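Trainee: Here you go, one structure.
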Amino acid sequence: MGRTSRIPLPLLAAISLVLVTTALAFVFFVAPDDANQGFSQRIFYFHVSIAITAYACFAGGAWNALLHLWKRDPNADLRSYVCVHQGLIFGTLVLLTGSIWAKISWGHWWLWSEDQLVLFLVLYLFYCAYFMLRFSVDPGPQRANLSAVYALFGVVLIPVSFAAIRLAKNLIHPVVFTLHGPNFGGWILVTYCIAQTALLALAYTLYRLELGGKRLDVRLRRLREVLA
Amino acid sequence: MLTARRLGKRYGEKRVLRRIDLVLPRGGFLVVTGPNGAGKTTLLRICAGLAQPTEGTIEREATRAQVGYLGHDPLVYRELTALENLELYGRLYRLPERRERVGMVLERFGLWEARHERVASYSRGMTQRLALCRVLLHDPELLVLDEPYSALDEAGAELLDAQLAELRGERTFLLATHDPARVEPLASAALALAS
Amino acid sequence: MLTARRLGKRYGEKRVLRRIDLVLPRGGFLVVTGPNGAGKTTLLRICAGLAQPTEGTIEREATRAQVGYLGHDPLVYRELTALENLELYGRLYRLPERRERVGMVLERFGLWEARHERVASYSRGMTQRLALCRVLLHDPELLVLDEPYSALDEAGAELLDAQLAELRGERTFLLATHDPARVEPLASAALALAS
Amino acid sequence: MSYVRDVGALARKDLLLELRARDTLPAMLLFVAAVFVVFHFALPGTPSRLETTGLLWVAILFTALLGLGRAFVPEREQRTLDGLVLAPCDRSAIWLAKSLATLAFLAAAEVVALPLYALFFHSVAGATVLAVVLADLGICGVGTFLGAMAVATRARDLLLPLLFLPLAVPIVVGAVGASVVASPGRYLGFLGLYDLLFAVVCWASFEYVVAE
Amino acid sequence: MSYVRDVGALARKDLLLELRARDTLPAMLLFVAAVFVVFHFALPGTPSRLETTGLLWVAILFTALLGLGRAFVPEREQRTLDGLVLAPCDRSAIWLAKSLATLAFLAAAEVVALPLYALFFHSVAGATVLAVVLADLGICGVGTFLGAMAVATRARDLLLPLLFLPLAVPIVVGAVGASVVASPGRYLGFLGLYDLLFAVVCWASFEYVVAE
Ligand code: HEM
Ligand SMILES: Nc1ncnc2c1ncn2[C@@H]1O[C@H](COP(=O)(O)OP(=O)(O)OP(=O)(O)O)[C@@H](O)[C@H]1O
Ligand SMILES: Nc1ncnc2c1ncn2[C@@H]1O[C@H](COP(=O)(O)OP(=O)(O)OP(=O)(O)O)[C@@H](O)[C@H]1O
Ligand SMILES: [Mg+2]
Ligand SMILES: [Mg+2]
């Protein structure tokens with residue numbers, strides 16, 4: 001993920017605002033009602049896009065962690081942390097939207113029998129533990145190292161747990177791209193793609209915002225020190 | 001042997017070392033002094049490779065096997081005997097004449113008789129002697145010694161004097177102390193850290 | 001203040017102290033010397049009430065609250081700040097002017113600025129200063145000090161000199177050291193342990 | 001009175017040490033959640049009430065052992081026990097304070113765990129809660145005592161950790177019994193008696209454990 | 001070759017320490033035994049094989065966790081990690097040796113636990129034994145790694161379960177699967193893959209955990 005010099009932040013924010021508005025418009029006015037679930041199925045566009053975005057954030061966190069360990073990139077630690085933080089925020093949203101959807105379509109907020117849900121919970125717990133780890137080490141090179149290593153573990157865990165779930169049961173939780181393969185098209189696809197792009201853009205904006213704030217913090221502290 | 005440029009170290013907000021420049025040639029003997037909390041230990045740990053500076057660079061012309069570091073902690077296992085501890089380090093440093101060298105350093109620092117006792121039952125001075133044994137066991141090129149005289153009795157201090165005098169010139173020394181007079185005759189350079 | 005008769009201490013087979021006779025009157029200042037492993041720490045621990053002799057008897061005319069013991073370990077919690085540590089001891093010793101005294105000893109040993117830092121981040125000398133604060137906090141009648149000068153820089157050692165000189169005569173001291181010259185002017189008696 | 005204040009000061013120190021890690025409570029929440037998730041994968045399907053009661057006790061026991069293991073870690077690691085032993089307070093206050101601190105840790109974990117358990121698996125009966133409380137008292141009291149023995153250098157060579165097994169098994173038996181049978185009165189009484197008995201023994205003999 | 005010798009020297013040291021201090025193994029044995037007692041009470045009659053397999057795995061996992069929590073205690077207490085980090089051997093040898101030592105303790109606990117399990121509940125199949133071996137490798141490898149991380153933090157003991165349990169879920173899935181289904185090949189393969197994958201990651205990144 002990027003250097004601060006790429007797209008100016010205000011422009012980026014404007015773009016993601018436009019995208020999110022478009023996505024909302026598409027979701028509510030363009031996409032057709034689902035045959036079985038009716039209107040409530042529209043939460044799908046957000047739920048799935050948010051989930052994918054969360055994964056993207058975690059991947060970004062791991063990539064920056066790798067850069068930190070491998071290239072000793074001095075800013076990679078902060079970037080990695082911000083990525084994981086965004087991932088956790090979007091992860092919370094996945095749990096929320098998923099739960100709402102589950103309540104609507106299954107009548108339960110949570111189902112232990114759905115392994116994929118529990119799997120996501122495991123990942124969620126994993127990244128909560130990342131935070132615990134990070135905040136129980138004093139700032140410094142060691143904290144950066146430990147966080148980076150644990151973030152790397154995360155990307156190994158994701159495919160491994162997918163394999164574990166696949167092994168444990170045939171997937172009950174719907175997998176759009178295989179299950180609905182043929183009839184997943186037209187406006188549904190377009191709407192989904194727009195929503196996905198919008199959320200990725202939103203996540204990136206938030207990421208840049210947080211990163212900027214954190215960097216400013218660091219700079220201010222340095223400045224104060226020089227003055228003192 | 002050691003070249004540090006504009007070295008700095010901070011712990012979070014707190015700046016401990018600031019712009020240290022240091023050139024220690026092979027065979028040199030640098031004495032570091034400074035009040036409590038000045039950053040001597042921090043500097044020595046960086047020089048030994050145990051910590052990284054947050055600013056500046058450090059170059060060391062010695063592999064890890066060629067560094068001997070004596071810190072504030074003796075770095076030995078209290079539940080093991082002196083012999084077992086030195087055996088462990090001897091193996092880890094892959095010494096060719098391990099057993100012989102272990103016996104030699106134990107004898108040199110007057111711990112031969114106590115070699116089969118657990119370190120937990122050692123007195124403080126005996127533990128410090130054992131830590132010195134550990135450092136000298138693999139005959140390092142670069143010796144980084146943080147207050148090596150602490151806890152030693154007069155006999156022990158003289159043993160150490162003799163040891164330092166013997167190696168002076170052949171090995172490179174970086175030594176922190178609160179009693180610079182003691183190592184004055186050996187020193188080739190001095191660095192005084194301010195608090 | 002302290003009377004020991006034919007004191008002996010053995011650890012299992014090993015005899016560490018043998019037939020020590022000791023009379024330390026109130027206001028006395030006894031300096032204990034001896035090589036590493038001679039048994040200084042063992043003797044001091046017995047006198048402070050931390051250990052029991054295996055032979056002989058010891059009488060102490062001081063309650064537990066009136067003893068101050070400085071050992072090789074600082075006896076403070078590394079994860080607490082200096083202030084929190086001293087607060088704890090202040091409470092346990094039930095000091096009437098706890099907070100004031102805590103502030104006073106911290107200032108006296110130059111730790112006031114660092115009072116809110118965790119002891120884990122202290123340098124070795126700062127930790128030793130904190131241990132001295134702990135000992136003097138409750139203004140004990142009997143001070144048992146095991147190598148109190150160790151790890152102190154010259155400024156710290158002078159602070160301690162001043163402290164000892166001030167209390168000399170009013171309090172009773174039992175002090176072990178490898179540098180008897182430093183406390184020579186204060187000593188009222190000396191005990192040299194052989195190894 | 002001053003005894004109570006000593007215990008307060010000592011327990012306060014332990015809690016302070018605990019809270020130094022700041023995020024103890026969220027950590028506990030995460031811990032409980034993680035444990036339940038692991039249980040879920042270990043027992044696929046919908047486990048019976050008895051099974052999940054067993055799991056609950058395994059979780060409690062594990063947490064207790066975890067807590068006890070850490071009880072004297074600060075004293076042992078930093079060799080500060082001497083400082084407490086030298087202080088003029090009654091030595092049993094050290095034991096009491098440490099037991100209370102461990103109890104607080106354990107209780108905090110359970111306050112998180114029991115509702116979550118009720119949410120995820122089955123409701124928790126009143127007898128179970130009572131059994132948990134009584135078991136906690138016994139585990140913390142005896143466990144802390146043995147923990148101190150393990151720190152005091154003199155006692156370390158004895159196989160003391162092993163003592164905890166014969167001492168803890170009655171608690172486990174009583175507690176699990178109380179939460180599975182229909183009329184738990186006898187089991188609860190047994191637990192209460194156990195607590196009382198060992199509290200008196202520990203209180204009276206702690207002095208000899210920590211001081212030579 | 002010299003790598004193997006380094007690992008040998010380090011693992012030897014850990015075994016020697018355990019022999020002296022007996023910190024780890026008794027706690028593990030105690031816990032395993034207590035878990036079986038709990039379930040003996042909680043599951044009266046003859047529980048199904050599926051039920052008891054799950055509990056066996058819960059017992060193994062948490063016993064391991066207890067052992068893992070103590071793996072780096074000597075280094076932490078006596079602050080000797082610096083000594084190992086300074087030594088010229090590859091840092092990953094520290095991880096490997098510690099993992100092997102922990103593995104030895106876990107294996108010792110299981111040598112007691114499995115017959116106990118067979119006695120109390122059901123016989124143990126060959127596939128289960130194989131699953132135990134493979135799971136042990138994963139548990140000890142990853143757990144030791146995380147133990148080293150937890151030691152470097154302020155939260156320490158509480159942190160290890162948090163870090164470890166999410167990573168242990170795939171092991172539990174694989175292991176429970178391998179011990180209940182008829183043809184456990186896929187599950188065993190999965191466990192092997194897990195071990196391999198994480199062994200490589202741990203091996204490659206341990207350097208960063210212990211050295212600044
Ligand atoms: C890893 C994160 C997740 C991903 C990638 C994901 C993906 C998806 C996808 C692609 C669908 C659409 C299926 C379809 O249209 O047939 C879906 C549906 C659903 N998801 Fe998720 N999901 C995730 C996590 C969760 C969580 C944590 C929950 C619950 C708390 C949840 C609850 C649901 C529900 C209830 C549905 C509707 C299923 C139906 O009615 O058929 N999901 N999810
Ligand atoms: N881990 C740490 N976190 C925060 N501050 C630290 C840490 N380690 C050391 N410091 C601070 O760095 C400063 C220098 O410490 P250092 O141990 O290097 O001093 P020193 O010169 O060796 O002192 P002494 O003579 O007492 O041994 C001290 O003020 C100390 O508080
Ligand atoms: N717990 C113990 N078990 C066995 N032997 C012990 C124990 N504690 C001390 N000793 C032995 O007692 C002797 C005296 O130890 P002590 O610590 O009293 O010496 P010291 O005079 O204080 O030495 P130093 O100047 O090095 O501090 C030493 O030989 C030591 O090995
Ligand atoms: Mg120092
Ligand atoms: Mg001594």
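Letters for chains follow the order of the structure tokens (A, B, ...), residue numbers begin at 1 for each chain, and ligand numbers begin at 1 in the order shown.
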With chain D laid on chain E by least squares, using all C-alpha atoms in order, how large is the RMSD?
Mentor: 2.6 Å
Trainee: Let me have all residues with an atom within 7 Å of ligand 2, counting only C-alpha atoms and all ligand atoms, laid out as a list in words.
Mentor: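 The residues near ligand 2 are Tyr11, Lys14, Val16, Gly34, Pro35, Asn36, Gly37, Ala38, Gly39, Lys40, Thr41, Thr42 and Leu43 of chain B; Ala120, Ser121, Tyr122, Ser123, Arg124, Gly125, Met126, Ala151, Leu152 and Asp153 of chain C.
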Trainee: For the residues in that selection, give me N, CA, C and O atoms as a PDB file, in the first residue's frame.
Mentor:
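Listing of part_5.pdb after writing:
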```
ATOM      1  N   TYR B  11      14.105   5.427  24.068  1.00  0.00           N
ATOM      2  CA  TYR B  11      13.083   4.481  24.502  1.00  0.00           C
ATOM      3  C   TYR B  11      11.773   5.233  24.514  1.00  0.00           C
ATOM      4  O   TYR B  11      11.550   6.066  25.400  1.00  0.00           O
ATOM      5  N   LYS B  14      11.703   8.897  25.518  1.00  0.00           N
ATOM      6  CA  LYS B  14      12.898   9.285  26.249  1.00  0.00           C
ATOM      7  C   LYS B  14      14.169   9.078  25.425  1.00  0.00           C
ATOM      8  O   LYS B  14      14.415   7.992  24.915  1.00  0.00           O
ATOM      9  N   VAL B  16      18.011   8.623  25.272  1.00  0.00           N
ATOM     10  CA  VAL B  16      19.057   8.182  26.189  1.00  0.00           C
ATOM     11  C   VAL B  16      20.443   8.502  25.649  1.00  0.00           C
ATOM     12  O   VAL B  16      21.291   9.025  26.362  1.00  0.00           O
ATOM     13  N   GLY B  34      30.499   7.796  33.306  1.00  0.00           N
ATOM     14  CA  GLY B  34      29.307   8.641  33.323  1.00  0.00           C
ATOM     15  C   GLY B  34      28.473   8.323  34.540  1.00  0.00           C
ATOM     16  O   GLY B  34      28.571   7.224  35.075  1.00  0.00           O
ATOM     17  N   PRO B  35      27.666   9.277  34.956  1.00  0.00           N
ATOM     18  CA  PRO B  35      26.850   9.046  36.157  1.00  0.00           C
ATOM     19  C   PRO B  35      25.797   7.962  35.946  1.00  0.00           C
ATOM     20  O   PRO B  35      25.603   7.484  34.832  1.00  0.00           O
ATOM     21  N   ASN B  36      25.119   7.570  37.013  1.00  0.00           N
ATOM     22  CA  ASN B  36      24.049   6.583  36.912  1.00  0.00           C
ATOM     23  C   ASN B  36      22.979   7.074  35.944  1.00  0.00           C
ATOM     24  O   ASN B  36      22.539   8.217  36.028  1.00  0.00           O
ATOM     25  N   GLY B  37      22.599   6.203  35.049  1.00  0.00           N
ATOM     26  CA  GLY B  37      21.546   6.564  34.103  1.00  0.00           C
ATOM     27  C   GLY B  37      22.047   7.358  32.922  1.00  0.00           C
ATOM     28  O   GLY B  37      21.250   7.881  32.140  1.00  0.00           O
ATOM     29  N   ALA B  38      23.387   7.432  32.735  1.00  0.00           N
ATOM     30  CA  ALA B  38      23.917   8.224  31.629  1.00  0.00           C
ATOM     31  C   ALA B  38      23.756   7.502  30.295  1.00  0.00           C
ATOM     32  O   ALA B  38      23.729   8.126  29.242  1.00  0.00           O
ATOM     33  N   GLY B  39      23.665   6.188  30.338  1.00  0.00           N
ATOM     34  CA  GLY B  39      23.517   5.449  29.089  1.00  0.00           C
ATOM     35  C   GLY B  39      24.688   4.541  28.770  1.00  0.00           C
ATOM     36  O   GLY B  39      24.814   4.067  27.647  1.00  0.00           O
ATOM     37  N   LYS B  40      25.525   4.261  29.743  1.00  0.00           N
ATOM     38  CA  LYS B  40      26.674   3.386  29.501  1.00  0.00           C
ATOM     39  C   LYS B  40      26.210   1.998  29.072  1.00  0.00           C
ATOM     40  O   LYS B  40      26.654   1.462  28.060  1.00  0.00           O
ATOM     41  N   THR B  41      25.309   1.426  29.867  1.00  0.00           N
ATOM     42  CA  THR B  41      24.828   0.086  29.552  1.00  0.00           C
ATOM     43  C   THR B  41      24.160   0.062  28.185  1.00  0.00           C
ATOM     44  O   THR B  41      24.390  -0.850  27.379  1.00  0.00           O
ATOM     45  N   THR B  42      23.362   1.079  27.917  1.00  0.00           N
ATOM     46  CA  THR B  42      22.691   1.144  26.625  1.00  0.00           C
ATOM     47  C   THR B  42      23.716   1.139  25.498  1.00  0.00           C
ATOM     48  O   THR B  42      23.580   0.392  24.523  1.00  0.00           O
ATOM     49  N   LEU B  43      24.738   1.961  25.634  1.00  0.00           N
ATOM     50  CA  LEU B  43      25.767   2.030  24.597  1.00  0.00           C
ATOM     51  C   LEU B  43      26.475   0.682  24.432  1.00  0.00           C
ATOM     52  O   LEU B  43      26.685   0.202  23.311  1.00  0.00           O
TER      53      LEU B  43
ATOM     54  N   ALA C 120      11.764  -1.397  35.999  1.00  0.00           N
ATOM     55  CA  ALA C 120      12.365  -2.200  34.928  1.00  0.00           C
ATOM     56  C   ALA C 120      13.166  -1.330  33.979  1.00  0.00           C
ATOM     57  O   ALA C 120      14.135  -1.795  33.390  1.00  0.00           O
ATOM     58  N   SER C 121      12.794  -0.084  33.837  1.00  0.00           N
ATOM     59  CA  SER C 121      13.516   0.773  32.896  1.00  0.00           C
ATOM     60  C   SER C 121      14.618   1.569  33.593  1.00  0.00           C
ATOM     61  O   SER C 121      15.271   2.385  32.963  1.00  0.00           O
ATOM     62  N   TYR C 122      14.818   1.320  34.870  1.00  0.00           N
ATOM     63  CA  TYR C 122      15.891   2.005  35.586  1.00  0.00           C
ATOM     64  C   TYR C 122      17.246   1.425  35.209  1.00  0.00           C
ATOM     65  O   TYR C 122      17.364   0.252  34.874  1.00  0.00           O
ATOM     66  N   SER C 123      18.282   2.258  35.328  1.00  0.00           N
ATOM     67  CA  SER C 123      19.633   1.716  35.183  1.00  0.00           C
ATOM     68  C   SER C 123      20.006   1.046  36.507  1.00  0.00           C
ATOM     69  O   SER C 123      19.303   1.175  37.503  1.00  0.00           O
ATOM     70  N   ARG C 124      21.112   0.317  36.470  1.00  0.00           N
ATOM     71  CA  ARG C 124      21.487  -0.436  37.663  1.00  0.00           C
ATOM     72  C   ARG C 124      21.712   0.470  38.875  1.00  0.00           C
ATOM     73  O   ARG C 124      21.257   0.186  39.977  1.00  0.00           O
ATOM     74  N   GLY C 125      22.388   1.570  38.640  1.00  0.00           N
ATOM     75  CA  GLY C 125      22.670   2.479  39.751  1.00  0.00           C
ATOM     76  C   GLY C 125      21.389   3.104  40.296  1.00  0.00           C
ATOM     77  O   GLY C 125      21.234   3.301  41.501  1.00  0.00           O
ATOM     78  N   MET C 126      20.460   3.407  39.413  1.00  0.00           N
ATOM     79  CA  MET C 126      19.198   3.974  39.865  1.00  0.00           C
ATOM     80  C   MET C 126      18.442   2.963  40.714  1.00  0.00           C
ATOM     81  O   MET C 126      17.808   3.324  41.716  1.00  0.00           O
ATOM     82  N   ALA C 151      27.406  -0.320  42.400  1.00  0.00           N
ATOM     83  CA  ALA C 151      26.656   0.240  41.273  1.00  0.00           C
ATOM     84  C   ALA C 151      26.425   1.747  41.364  1.00  0.00           C
ATOM     85  O   ALA C 151      25.887   2.336  40.431  1.00  0.00           O
ATOM     86  N   LEU C 152      26.809   2.373  42.470  1.00  0.00           N
ATOM     87  CA  LEU C 152      26.601   3.818  42.573  1.00  0.00           C
ATOM     88  C   LEU C 152      27.717   4.572  41.864  1.00  0.00           C
ATOM     89  O   LEU C 152      28.881   4.166  41.906  1.00  0.00           O
ATOM     90  N   ASP C 153      27.371   5.680  41.228  1.00  0.00           N
ATOM     91  CA  ASP C 153      28.400   6.544  40.673  1.00  0.00           C
ATOM     92  C   ASP C 153      28.977   7.390  41.802  1.00  0.00           C
ATOM     93  O   ASP C 153      28.566   7.281  42.958  1.00  0.00           O
TER      94      ASP C 153
END
```
Trainee: Output as a PyMOL selection string the set of chain E residues within 12 Å of chain C, with distances taken over only C-alpha atoms.
Mentor: chain E and resi 77+153-155
Trainee: Residues within 6 Å of ligand 1, counting only C-alpha atoms and all ligand atoms: report them as a VMD selection string.
Mentor: chain A and resid 44 48 51 to 52 94 to 95 98 to 99 101 to 102 105 110 117 120 174 to 176
Trainee: Counting only C-alpha atoms, which residues from chain A have an atom at most 10 Å from any atom of chain D, and could you show them as a count of residues only?
Mentor: 18
Trainee: For chain B against chain A, which residues fall within 12 Å using only C-alpha atoms, given as a list in words?
Mentor: Lys9, Arg10, Tyr11, Gly12, Glu13, Lys14, Arg15, Arg18, Leu50, Ala51, Gln52, Pro53, Thr54 and Glu55 of chain B
Trainee: Among segment 69-124 of chain B, which residues does DSSP mark as helix (DSSP H, G or I) when it is run on the backbone? Keep the chain and numbering as in the structure and answer as a list in words.
Mentor: Ala82, Leu83, Glu84, Asn85, Leu86, Glu87, Leu88, Tyr89, Gly90, Arg91, Leu92, Arg98, Arg99, Glu100, Arg101, Val102, Gly103, Met104, Val105, Leu106, Glu107, Arg108, Val119, Ala120, Ser121 and Arg124 of chain B
Trainee: Keeping N, CA, C and O atoms for every residue in the selection just given, could you write it to a file as a compact mmCIF listing (two decimals), in the first residue's frame?
Mentor:
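Written out: again-v1.txt:
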```txt
# COMPACT_ATOMS: atom_id res chain seq x y z
N ALA B 82 28.09 -24.37 37.85
CA ALA B 82 29.01 -23.56 37.06
C ALA B 82 29.51 -24.36 35.86
O ALA B 82 29.55 -23.87 34.73
N LEU B 83 29.84 -25.61 36.12
CA LEU B 83 30.37 -26.46 35.07
C LEU B 83 29.35 -26.64 33.96
O LEU B 83 29.66 -26.49 32.77
N GLU B 84 28.12 -26.91 34.33
CA GLU B 84 27.09 -27.12 33.32
C GLU B 84 26.85 -25.86 32.50
O GLU B 84 26.67 -25.91 31.28
N ASN B 85 26.88 -24.71 33.17
CA ASN B 85 26.71 -23.46 32.45
C ASN B 85 27.82 -23.25 31.43
O ASN B 85 27.56 -22.94 30.27
N LEU B 86 29.04 -23.44 31.87
CA LEU B 86 30.15 -23.20 30.95
C LEU B 86 30.18 -24.25 29.85
O LEU B 86 30.51 -23.93 28.70
N GLU B 87 29.83 -25.47 30.18
CA GLU B 87 29.73 -26.51 29.15
C GLU B 87 28.74 -26.08 28.07
O GLU B 87 29.01 -26.21 26.88
N LEU B 88 27.60 -25.57 28.52
CA LEU B 88 26.59 -25.11 27.56
C LEU B 88 27.17 -24.06 26.64
O LEU B 88 27.08 -24.17 25.41
N TYR B 89 27.78 -23.04 27.23
CA TYR B 89 28.34 -21.98 26.39
C TYR B 89 29.47 -22.51 25.52
O TYR B 89 29.62 -22.10 24.37
N GLY B 90 30.26 -23.40 26.08
CA GLY B 90 31.34 -23.98 25.29
C GLY B 90 30.81 -24.68 24.04
O GLY B 90 31.35 -24.53 22.95
N ARG B 91 29.71 -25.40 24.22
CA ARG B 91 29.11 -26.05 23.06
C ARG B 91 28.56 -25.04 22.08
O ARG B 91 28.75 -25.17 20.86
N LEU B 92 27.87 -24.04 22.61
CA LEU B 92 27.25 -23.07 21.70
C LEU B 92 28.29 -22.29 20.92
O LEU B 92 28.07 -21.90 19.79
N ARG B 98 36.92 -27.71 24.35
CA ARG B 98 35.92 -27.22 25.28
C ARG B 98 36.23 -27.53 26.74
O ARG B 98 36.36 -26.65 27.58
N ARG B 99 36.36 -28.82 27.06
CA ARG B 99 36.51 -29.20 28.46
C ARG B 99 37.74 -28.57 29.08
O ARG B 99 37.73 -28.09 30.22
N GLU B 100 38.82 -28.56 28.31
CA GLU B 100 40.06 -28.00 28.83
C GLU B 100 39.89 -26.52 29.14
O GLU B 100 40.27 -26.04 30.19
N ARG B 101 39.28 -25.81 28.18
CA ARG B 101 39.12 -24.37 28.39
C ARG B 101 38.21 -24.08 29.58
O ARG B 101 38.44 -23.15 30.34
N VAL B 102 37.16 -24.87 29.71
CA VAL B 102 36.25 -24.69 30.84
C VAL B 102 37.02 -24.84 32.15
O VAL B 102 36.93 -23.99 33.06
N GLY B 103 37.82 -25.89 32.24
CA GLY B 103 38.62 -26.09 33.44
C GLY B 103 39.57 -24.94 33.68
O GLY B 103 39.70 -24.42 34.80
N MET B 104 40.16 -24.45 32.59
CA MET B 104 41.14 -23.38 32.71
C MET B 104 40.51 -22.10 33.25
O MET B 104 41.00 -21.51 34.21
N VAL B 105 39.39 -21.67 32.65
CA VAL B 105 38.80 -20.41 33.13
C VAL B 105 38.28 -20.56 34.56
O VAL B 105 38.39 -19.63 35.37
N LEU B 106 37.71 -21.71 34.87
CA LEU B 106 37.24 -21.91 36.25
C LEU B 106 38.38 -21.73 37.23
O LEU B 106 38.27 -21.05 38.25
N GLU B 107 39.50 -22.35 36.90
CA GLU B 107 40.66 -22.25 37.78
C GLU B 107 41.17 -20.80 37.85
O GLU B 107 41.48 -20.29 38.91
N ARG B 108 41.18 -20.17 36.67
CA ARG B 108 41.73 -18.83 36.63
C ARG B 108 40.97 -17.87 37.53
O ARG B 108 41.54 -16.96 38.12
N VAL B 119 24.56 -22.49 40.72
CA VAL B 119 24.86 -21.06 40.78
C VAL B 119 23.95 -20.37 41.80
O VAL B 119 24.33 -19.37 42.41
N ALA B 120 22.76 -20.91 42.00
CA ALA B 120 21.85 -20.30 42.97
C ALA B 120 22.48 -20.22 44.36
O ALA B 120 22.15 -19.33 45.14
N SER B 121 23.39 -21.13 44.65
CA SER B 121 23.99 -21.12 45.98
C SER B 121 25.29 -20.32 45.99
O SER B 121 25.97 -20.27 47.01
N ARG B 124 27.45 -13.46 45.64
CA ARG B 124 27.38 -12.51 44.54
C ARG B 124 28.71 -12.41 43.79
O ARG B 124 28.75 -12.38 42.56
```
Trainee: Hey, which of D:Ala125, D:Met1, D:Ala107, D:Leu167 ends up closest to chain E? Count only C-alpha atoms.
Mentor: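 Answer, going by the shortest atom-to-atom distance: D:Leu167.
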Trainee: Would you mind telling me which residue in C:Pro148, C:Gly28, C:Gly110, C:Pro180 lies nearest to ligand 5 when using only C-alpha atoms and all ligand atoms?
Mentor: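 Nearest to ligand 5: C:Pro148.
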Trainee: Give as a PyMOL selection string every residue of chain D that touches chain E within 8 Å, counting only C-alpha atoms.
Mentor: chain D and resi 20-21+24+27-28+30-31+34-35+37-39+41-43+47+50-51+53-55+57-58+62+66+70+76-78+156-157+159+161-162+164-165+169+172-173+176-177+180
Trainee: Neighbours of Ala190 of chain C within 7 Å (only C-alpha atoms; same-chain residues fewer than 5 positions away dropped), as a PyMOL selection string?
Mentor: chain C and resi 30-32
Trainee: Could you check how far atom CA of Ala97 of chain E sits from atom CA of Ser147 of chain A, in Å to one decimal?
Mentor: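 Separation of atom CA of Ala97 of chain E and atom CA of Ser147 of chain A: 23.4 Å.
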